[in-house]
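Asks: What follows is run_27.txt, made up of compact mmCIF, C-alpha atoms:
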# COMPACT_ATOMS: atom_id res chain seq x y z
CA MET A 489 4.69 -10.48 -12.07
CA GLU A 490 1.97 -10.44 -9.44
CA LEU A 491 -0.93 -8.04 -9.97
CA ARG A 492 -2.74 -6.52 -6.99
CA ILE A 493 -5.71 -4.18 -6.74
CA PHE A 494 -5.31 -0.82 -5.01
CA THR A 495 -8.23 1.49 -4.16
CA GLU A 496 -8.61 5.09 -2.96
CA PRO A 497 -11.81 5.05 -0.85
CA GLN A 498 -11.40 8.66 0.34
CA GLN A 499 -12.54 9.65 -3.16
CA GLY A 500 -15.98 8.20 -2.37
CA ALA A 501 -16.77 4.62 -1.39
CA SER A 502 -18.86 2.71 1.10
CA TYR A 503 -17.75 -0.50 2.77
CA ASP A 504 -20.12 -2.48 0.55
CA GLN A 505 -18.49 -1.04 -2.58
CA LEU A 506 -15.05 -1.96 -1.30
CA LEU A 507 -16.25 -5.44 -0.41
CA ALA A 508 -17.61 -5.94 -3.93
CA VAL A 509 -14.24 -4.97 -5.44
CA ALA A 510 -12.30 -7.15 -2.98
CA ARG A 511 -14.48 -10.16 -3.67
CA ARG A 512 -14.25 -9.73 -7.43
CA ALA A 513 -10.47 -9.35 -7.15
CA GLU A 514 -10.37 -12.54 -5.11
CA GLU A 515 -12.59 -14.43 -7.57
CA THR A 516 -10.53 -13.37 -10.58
CA GLY A 517 -7.13 -14.23 -9.15
CA PHE A 518 -5.52 -10.94 -8.14
CA GLY A 519 -2.89 -11.34 -5.46
CA ALA A 520 -4.19 -8.80 -2.97
CA PHE A 521 -6.65 -6.02 -2.23
CA PHE A 522 -5.05 -2.88 -0.82
CA ARG A 523 -6.51 0.47 0.08
CA SER A 524 -5.17 3.92 0.86
CA ASP A 525 -5.30 5.35 4.37
CA HIS A 526 -6.74 8.84 3.99
CA TYR A 527 -9.49 10.80 5.72
CA LEU A 528 -10.12 13.53 3.14
CA LYS A 529 -10.93 13.46 -0.56
CA MET A 530 -8.57 14.92 -3.11
CA GLY A 531 -9.50 16.99 -6.14
CA SER A 532 -12.94 17.91 -7.41
CA VAL A 533 -14.80 14.71 -6.47
CA SER A 534 -17.49 14.90 -3.79
CA GLY A 535 -15.98 12.20 -1.61
CA ASP A 536 -19.48 11.01 -0.70
CA PRO A 537 -20.45 9.19 1.47
CA GLY A 538 -17.35 10.28 3.35
CA PRO A 539 -14.14 8.59 4.48
CA THR A 540 -13.82 5.08 5.83
CA ASP A 541 -11.10 3.99 8.22
CA ALA A 542 -8.51 1.73 6.59
CA TRP A 543 -8.10 -0.77 9.40
CA THR A 544 -11.81 -0.92 10.21
CA THR A 545 -12.34 -1.74 6.53
CA LEU A 546 -9.64 -4.41 6.54
CA ALA A 547 -11.07 -5.99 9.68
CA GLY A 548 -14.40 -6.35 7.89
CA LEU A 549 -12.75 -7.72 4.76
CA ALA A 550 -10.78 -10.17 6.89
CA ARG A 551 -14.10 -11.86 7.72
CA ASP A 552 -15.89 -11.21 4.42
CA THR A 553 -13.17 -12.61 2.12
CA LYS A 554 -11.41 -15.96 2.20
CA THR A 555 -8.05 -16.05 0.44
CA ILE A 556 -6.96 -12.66 -0.90
CA ARG A 557 -4.25 -10.79 0.93
CA LEU A 558 -5.14 -7.42 2.47
CA GLY A 559 -3.15 -4.30 3.24
CA THR A 560 -2.54 -0.56 3.14
CA LEU A 561 -0.67 1.75 0.77
CA MET A 562 0.19 3.48 3.05
CA THR A 563 -1.02 3.78 6.64
CA ALA A 564 0.00 7.21 7.92
CA ALA A 565 2.19 7.04 11.00
CA THR A 566 0.66 10.36 12.09
CA PHE A 567 -2.77 8.73 12.47
CA ARG A 568 -1.99 6.13 15.11
CA LEU A 569 0.23 5.34 18.05
CA PRO A 570 2.56 2.41 17.31
CA GLY A 571 1.46 0.18 20.21
CA PRO A 572 -2.27 0.29 19.39
CA LEU A 573 -1.44 -0.03 15.67
CA ALA A 574 0.58 -3.18 16.36
CA ILE A 575 -2.41 -4.57 18.28
CA THR A 576 -4.84 -3.66 15.50
CA VAL A 577 -2.78 -5.19 12.70
CA ALA A 578 -2.10 -8.34 14.72
CA GLN A 579 -5.81 -8.72 15.44
CA VAL A 580 -6.77 -8.25 11.78
CA ASP A 581 -4.07 -10.77 10.87
CA GLN A 582 -5.74 -13.22 13.25
CA MET A 583 -9.19 -12.42 11.85
CA SER A 584 -7.97 -13.07 8.31
CA GLY A 585 -6.04 -16.24 9.05
CA GLY A 586 -2.70 -14.57 8.32
CA ARG A 587 -3.40 -12.49 5.20
CA VAL A 588 -2.45 -8.97 6.31
CA GLU A 589 0.39 -6.68 5.19
CA LEU A 590 1.26 -3.32 6.72
CA GLY A 591 2.27 -0.52 4.40
CA ILE A 592 3.27 2.49 6.47
CA GLY A 593 4.67 5.95 5.73
CA THR A 594 5.22 9.35 7.29
CA GLY A 595 1.88 10.84 6.23
CA TRP A 596 1.91 13.78 3.81
CA PHE A 597 -1.57 15.26 3.27
CA ALA A 598 -1.65 18.28 5.59
CA GLU A 599 -5.28 19.19 4.90
CA GLU A 600 -6.69 15.88 6.16
CA HIS A 601 -4.86 16.40 9.42
CA THR A 602 -6.35 19.84 10.01
CA ALA A 603 -9.78 18.59 8.87
CA TYR A 604 -9.86 15.97 11.63
CA GLY A 605 -7.69 17.46 14.36
CA ILE A 606 -4.62 15.29 13.78
CA PRO A 607 -1.21 16.80 14.63
CA PHE A 608 1.03 17.23 11.59
CA PRO A 609 4.69 17.76 12.55
CA PRO A 610 7.38 18.95 10.12
CA LEU A 611 8.78 16.37 7.69
CA GLY A 612 11.96 15.70 9.64
CA GLU A 613 10.01 14.92 12.79
CA ARG A 614 7.56 12.77 10.83
CA PHE A 615 10.49 10.65 9.62
CA ASP A 616 11.82 10.44 13.19
CA ARG A 617 8.43 9.29 14.40
CA LEU A 618 8.07 6.76 11.57
CA GLU A 619 11.45 5.25 12.38
CA GLU A 620 10.53 4.93 16.03
CA GLN A 621 7.12 3.49 15.15
CA LEU A 622 8.79 0.81 13.03
CA ALA A 623 11.09 -0.08 15.92
CA VAL A 624 8.16 -0.37 18.32
CA ILE A 625 5.82 -2.28 15.99
CA THR A 626 8.40 -4.84 14.90
CA GLY A 627 9.73 -5.11 18.42
CA LEU A 628 6.30 -5.88 19.85
CA TRP A 629 5.54 -8.49 17.19
CA GLU A 630 8.94 -10.19 17.36
CA THR A 631 9.21 -10.39 21.16
CA PRO A 632 9.00 -14.07 22.14
CA ALA A 633 5.82 -15.16 23.91
CA GLY A 634 6.20 -14.85 27.66
CA SER A 635 8.82 -12.11 27.38
CA THR A 636 8.34 -8.35 27.63
CA PHE A 637 9.38 -5.51 25.36
CA ASP A 638 11.00 -2.19 26.22
CA HIS A 639 11.91 0.70 23.96
CA PRO A 640 13.52 3.87 25.35
CA GLY A 641 12.21 6.10 22.58
CA LYS A 642 11.94 9.87 22.34
CA TYR A 643 8.36 9.90 21.05
CA TYR A 644 7.02 6.45 21.96
CA PRO A 645 8.81 5.03 25.01
CA VAL A 646 7.60 1.53 25.87
CA SER A 647 8.17 -0.16 29.19
CA ASP A 648 7.44 -3.72 30.32
CA SER A 649 4.98 -4.44 27.50
CA PRO A 650 3.60 -8.00 27.29
CA ALA A 651 3.85 -7.52 23.50
CA LEU A 652 0.47 -9.10 22.84
CA PRO A 653 -1.44 -10.10 20.80
CA LYS A 654 0.78 -11.94 18.35
CA PRO A 655 -0.02 -11.98 14.64
CA VAL A 656 -0.60 -15.28 12.88
CA GLN A 657 2.26 -14.63 10.46
CA GLN A 658 5.63 -15.20 12.07
CA PRO A 659 7.88 -13.55 12.90
CA ARG A 660 5.50 -10.79 11.71
CA PRO A 661 3.28 -9.64 8.86
CA PRO A 662 5.15 -8.18 5.87
CA ILE A 663 5.99 -4.48 6.13
CA LEU A 664 5.93 -2.25 3.05
CA LEU A 665 7.80 1.01 2.84
CA GLY A 666 8.09 3.26 -0.17
CA GLY A 667 8.44 6.66 -1.72
CA THR A 668 11.00 8.81 -3.50
CA GLY A 669 13.04 10.12 -0.58
CA PRO A 670 16.73 9.81 -1.53
CA LYS A 671 18.31 9.15 1.89
CA ARG A 672 16.16 8.24 4.86
CA THR A 673 13.60 6.28 2.86
CA PRO A 674 16.19 3.82 1.46
CA ARG A 675 17.84 3.46 4.87
CA LEU A 676 14.55 2.69 6.62
CA ALA A 677 13.58 0.27 3.88
CA ALA A 678 16.86 -1.59 4.14
CA ARG A 679 16.36 -1.97 7.88
CA TYR A 680 12.65 -2.73 8.18
CA ALA A 681 10.89 -3.39 4.87
CA ASP A 682 9.96 -6.72 3.35
CA GLU A 683 8.78 -4.86 0.26
CA PHE A 684 9.73 -1.54 -1.29
CA ASN A 685 6.98 0.17 -3.28
CA LEU A 686 7.28 3.12 -5.61
CA PRO A 687 3.93 4.68 -6.60
CA PHE A 688 3.20 6.49 -9.87
CA ALA A 689 6.84 6.74 -10.95
CA SER A 690 8.34 6.26 -14.39
CA VAL A 691 10.43 3.23 -15.26
CA GLU A 692 13.56 5.39 -15.17
CA ASP A 693 12.76 6.98 -11.81
CA SER A 694 11.81 3.59 -10.38
CA ALA A 695 15.11 2.06 -11.46
CA ALA A 696 17.03 4.92 -9.85
CA GLN A 697 15.16 4.64 -6.53
CA PHE A 698 15.39 0.84 -6.49
CA GLN A 699 19.17 1.26 -6.85
CA ARG A 700 19.29 3.67 -3.93
CA VAL A 701 17.50 1.09 -1.77
CA LYS A 702 19.84 -1.66 -3.00
CA ASP A 703 22.81 0.53 -2.09
CA ALA A 704 21.30 1.04 1.39
CA CYS A 705 20.86 -2.72 1.68
CA ALA A 706 24.55 -3.20 0.85
CA GLU A 707 25.51 -0.68 3.53
CA ALA A 708 23.33 -2.55 6.02
CA ASP A 709 24.82 -5.90 4.98
CA ARG A 710 21.46 -7.07 3.67
CA ASP A 711 20.92 -9.08 0.50
CA PRO A 712 18.66 -7.04 -1.81
CA ALA A 713 17.17 -10.33 -3.01
CA THR A 714 15.38 -10.53 0.35
CA MET A 715 13.36 -7.44 -0.62
CA THR A 716 10.28 -7.54 -2.85
CA TRP A 717 10.23 -4.68 -5.39
CA SER A 718 6.94 -3.19 -6.51
CA ASN A 719 5.23 -0.27 -8.22
CA ALA A 720 1.76 1.25 -8.19
CA LEU A 721 0.13 2.52 -11.39
CA VAL A 722 -3.32 3.86 -12.21
CA LEU A 723 -5.29 1.34 -14.30
CA CYS A 724 -7.29 2.18 -17.41
CA CYS A 725 -7.60 -0.84 -19.69
CA GLY A 726 -10.08 -1.33 -22.53
CA ARG A 727 -10.65 -3.79 -25.34
CA ASP A 728 -10.34 -0.95 -27.86
CA ASP A 729 -9.67 2.78 -27.97
CA ALA A 730 -13.33 3.61 -27.38
CA GLU A 731 -13.45 1.57 -24.18
CA VAL A 732 -10.18 3.09 -22.99
CA ALA A 733 -11.60 6.57 -23.60
CA ARG A 734 -14.81 5.71 -21.74
CA ARG A 735 -12.93 4.44 -18.72
CA ALA A 736 -10.58 7.44 -18.76
CA ALA A 737 -13.51 9.85 -18.86
CA ALA A 738 -15.13 8.06 -15.92
CA ILE A 739 -12.16 8.95 -13.72
CA GLY A 740 -11.60 12.42 -15.17
CA ARG A 741 -8.36 11.64 -17.01
CA GLU A 742 -7.14 11.75 -20.60
CA PRO A 743 -6.25 8.51 -22.43
CA ASP A 744 -2.92 9.80 -23.73
CA GLU A 745 -1.84 10.99 -20.28
CA LEU A 746 -2.81 7.66 -18.76
CA ARG A 747 -0.93 5.75 -21.42
CA GLU A 748 2.15 7.83 -20.57
CA ASN A 749 1.91 7.65 -16.78
CA GLY A 750 -0.19 4.60 -15.95
CA ALA A 751 -1.06 1.05 -16.95
CA ALA A 752 -3.43 2.11 -19.71
CA GLY A 753 -4.59 1.21 -23.19
CA THR A 754 -5.53 -2.11 -24.69
CA PRO A 755 -4.51 -5.32 -22.89
CA ALA A 756 -1.48 -5.55 -25.18
CA GLU A 757 -0.42 -2.02 -24.28
CA VAL A 758 -0.82 -2.72 -20.55
CA VAL A 759 1.20 -5.94 -20.87
CA ASP A 760 3.94 -3.99 -22.65
CA LYS A 761 4.01 -1.30 -19.95
CA LEU A 762 4.15 -3.86 -17.14
CA GLY A 763 6.93 -5.65 -18.98
CA ARG A 764 9.04 -2.50 -18.89
CA TYR A 765 8.72 -2.40 -15.10
CA ALA A 766 9.52 -6.10 -14.88
CA GLU A 767 12.76 -5.45 -16.78
CA ILE A 768 14.03 -3.22 -13.96
CA GLY A 769 13.14 -5.83 -11.33
CA SER A 770 9.61 -4.89 -10.31
CA GLU A 771 7.91 -8.07 -9.10
CA ARG A 772 4.47 -6.67 -8.22
CA VAL A 773 2.28 -3.92 -9.53
CA TYR A 774 -0.57 -2.41 -7.56
CA LEU A 775 -3.21 -1.40 -10.10
CA GLN A 776 -5.01 1.68 -8.82
CA VAL A 777 -8.72 1.22 -9.58
CA LEU A 778 -10.56 4.52 -9.30
CA ASP A 779 -14.00 3.58 -10.69
CA LEU A 780 -15.10 1.08 -8.06
CA ALA A 781 -18.41 0.38 -9.79
CA ASP A 782 -16.70 -0.94 -12.93
CA LEU A 783 -16.11 -4.54 -11.92
CA ASP A 784 -15.87 -5.59 -15.57
CA HIS A 785 -12.56 -3.70 -15.61
CA LEU A 786 -11.11 -6.27 -13.20
CA GLU A 787 -12.55 -9.11 -15.27
CA LEU A 788 -10.84 -7.80 -18.41
CA VAL A 789 -7.44 -7.41 -16.78
CA ALA A 790 -7.67 -10.84 -15.16
CA ALA A 791 -8.58 -12.49 -18.45
CA GLU A 792 -6.35 -10.60 -20.89
CA VAL A 793 -3.42 -9.16 -18.93
CA MET A 794 -2.74 -11.32 -15.89
CA ARG A 795 -2.07 -14.48 -17.87
CA GLN A 796 0.60 -12.69 -19.95
CA VAL A 797 2.66 -11.26 -17.12
Give the structure from this file in C-alpha cells form.
Replies:
Amino acid sequence: MELRIFTEPQQGASYDQLLAVARRAEETGFGAFFRSDHYLKMGSVSGDPGPTDAWTTLAGLARDTKTIRLGTLMTAATFRLPGPLAITVAQVDQMSGGRVELGIGTGWFAEEHTAYGIPFPPLGERFDRLEEQLAVITGLWETPAGSTFDHPGKYYPVSDSPALPKPVQQPRPPILLGGTGPKRTPRLAARYADEFNLPFASVEDSAAQFQRVKDACAEADRDPATMTWSNALVLCCGRDDAEVARRAAAIGREPDELRENGAAGTPAEVVDKLGRYAEIGSERVYLQVLDLADLDHLELVAAEVMRQV
C-alpha cells in the first residue's frame, strides 16, 4: 500500500509551512503531497494567516521539490473554468517534470462560495458542470498536437481551441474522482477517473462504494483493474498512548474517536487499520496531517508504519 500525505491549509498554513511538510514527506519516502482546495476555514480554528490557493501552492512546490508527486483532494469545479484549469494543471505538470495529479469534485462548502463571491449552483447543476468540465479538460489534453478541439457544451462550449499547452504526462495527468454519491459519482468515475478516492469512510462503507464503481465500470465495459482505489484517513500516530493523546489534543480530537474513524494509535494499530482497508482493495491511503508543525509525526510513520504496509 502506498502512503501519501494530505493537508488542509484552509485551517491555517503559510506556503512555507506547506513546503516544509512537502519536503519532509519527500525525504521520508511518502508517495505524494496533496492538499485540499478550500478558501474558508472550518470549525473553531482561526484559519490564520488565511487561505492559500491550491494551484498557486502546487506551482511553487513543483519548483521547490524534486521527486514527490503533487495534487489536490479535491479541486472544486465551481472555482475555475475548465479551459483555464486545463492550462494551469498542464503548466504545473511541466514545471514539476510530470508529477501532477488532478483531483476534482463538484464543490460542496456553500459558505466559502458566499465568502468570496463564487456562484454555488444546486447539486444537480454542479454535477452537470463537473461532467462537462471533465469532458473539456480531458479533451483539451488528449487532442493531438496540431489539431483543434471543439465541445458543444451547455455550460462550457469550446470552439476551435488549439488545446495548448500539453502536459508532460501523456495522454494526460491522472484524474482522481471520489465521494459517496451512489449513482452519478460511480458513472463519472468509470468514464473519467484513473483513481477513485473515498475520504473518511469506514471499511464497510468503502467496500460498498468501491463495488458501486466497479459495477459502473462493468456497465461502461471498463476493466476495474485499470482503476486505482484509495482512501483518505486522518492521521494520529504515537509511540505510546501518551503520545497519541498529545497529538490528538493538538488537533482538537479524542484518541478513541480517532482510533475508530482514522488511522490512529500506535504504529501497530495504524498498520492494522490500514491492513483492513487493503483487504477490500484499497491501494493508497492519503493520511490527513492536521498539525503541520509536527514533522516528527511524518518521521514516525515513515519509520514504523510505511515499511509494514
Asks: Name all residues at most 12 Å from A:Val758 (count only C-alpha atoms; drop same-chain ones fewer than 4 positions away) and give them as a PyMOL selection string.
Replies: chain A and resi 491+721-727+732+746-754+762-765+773+775+788-790+792-794+796-797
Asks: Between A:Thr555, A:Gly627, A:Pro670, A:Glu731, which one has atoms that come closest to A:Lys654, using only C-alpha atoms?
Replies: A:Gly627
Asks: Measure the distance from atom CA of A:Val656 to atom CA of A:Pro632 in Å and round it to one decimal.
Replies: 13.4 Å
Asks: Produce the centre coordinates and the three edge lengths, each in Å to one decimal, of the box along x, y and z that contains all listed atoms of stretch 775-783 of chain A with 4 Å added on each side, as AutoDock Vina command-line options.
Replies:
--center_x -10.8 --center_y 0.0 --center_z -10.5 --size_x 23.2 --size_y 17.1 --size_z 12.9
Asks: As a ChimeraX atom specification, please: the residues near A:His526 (cut-off 10 Å, all atoms listed in the file, same-chain neighbours under 5 positions excluded).
Replies: /A:496-499,539-542,561-564,567,595-597,600-601
Asks: Excluding same-chain residues fewer than 6 positions from A:Ile768, what lies within 9 Å of it counting only C-alpha atoms, as a list of chain:residue names?
Replies: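 These residues fall inside the cut-off: A:Val691, A:Glu692, A:Ser694, A:Ala695, A:Phe698.
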Asks: Just the residues within 10 Å of A:Phe522, please, counting only C-alpha atoms, with nothing from its chain fewer than 4 positions along; format it as an MDAnalysis selection string.
Replies: chainID A and resid 492:496 510 542 546 556:562 588:591 774:776
Asks: Residues at most 8 Å from A:Ser770, counting all atoms listed in the file, excluding those fewer than 5 positions away in the same chain, as a list in words?
Replies: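 In the requested format, the answer is Met489, Thr716, Trp717, Ser718, Asn719 and Tyr765 of chain A.
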Asks: For the residues in the current selection, export C-alpha atoms as a compact mmCIF listing (two decimals), in the frame of the given file.
Replies:
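As written to disk, part-v8.txt reads:
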# COMPACT_ATOMS: atom_id res chain seq x y z
CA MET A 489 4.69 -10.48 -12.07
CA THR A 716 10.28 -7.54 -2.85
CA TRP A 717 10.23 -4.68 -5.39
CA SER A 718 6.94 -3.19 -6.51
CA ASN A 719 5.23 -0.27 -8.22
CA TYR A 765 8.72 -2.40 -15.10
Asks: Would you please work out which residue, of A:Ala689, A:Phe637, A:Leu676, A:Arg772, is nearest to A:Glu490 when using only C-alpha atoms?
Replies: A:Arg772
Asks: Nearest to A:Gly634 among A:Thr544, A:Gln621, A:Ser649, A:Thr566, with distances taken over all atoms listed in the file: which residue is it?
Replies: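 Between A:Thr544, A:Gln621, A:Ser649, A:Thr566, the residue approaching A:Gly634 most closely is A:Ser649.
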Asks: If you measure from atom CA of A:Arg617 to atom CA of A:Leu528, what distance in Å do you get, rounded to one decimal?
Replies: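 The value is 22.1 Å.
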Asks: Hey, which of A:Thr545, A:Arg700, A:Ala733, A:Tyr644 ends up closest to A:Gln505? Count all atoms listed in the file.
Replies: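 Checking each of A:Thr545, A:Arg700, A:Ala733, A:Tyr644 against A:Gln505, counting all atoms listed in the file, the winner is A:Thr545.
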Asks: Given the choices A:Pro537, A:Pro661, A:Gly769, A:Gly669, which gets closest to A:Leu611 if the distance is worked out from only C-alpha atoms?
Replies: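 Of the candidates, the smallest distance to A:Leu611 is held by A:Gly669.
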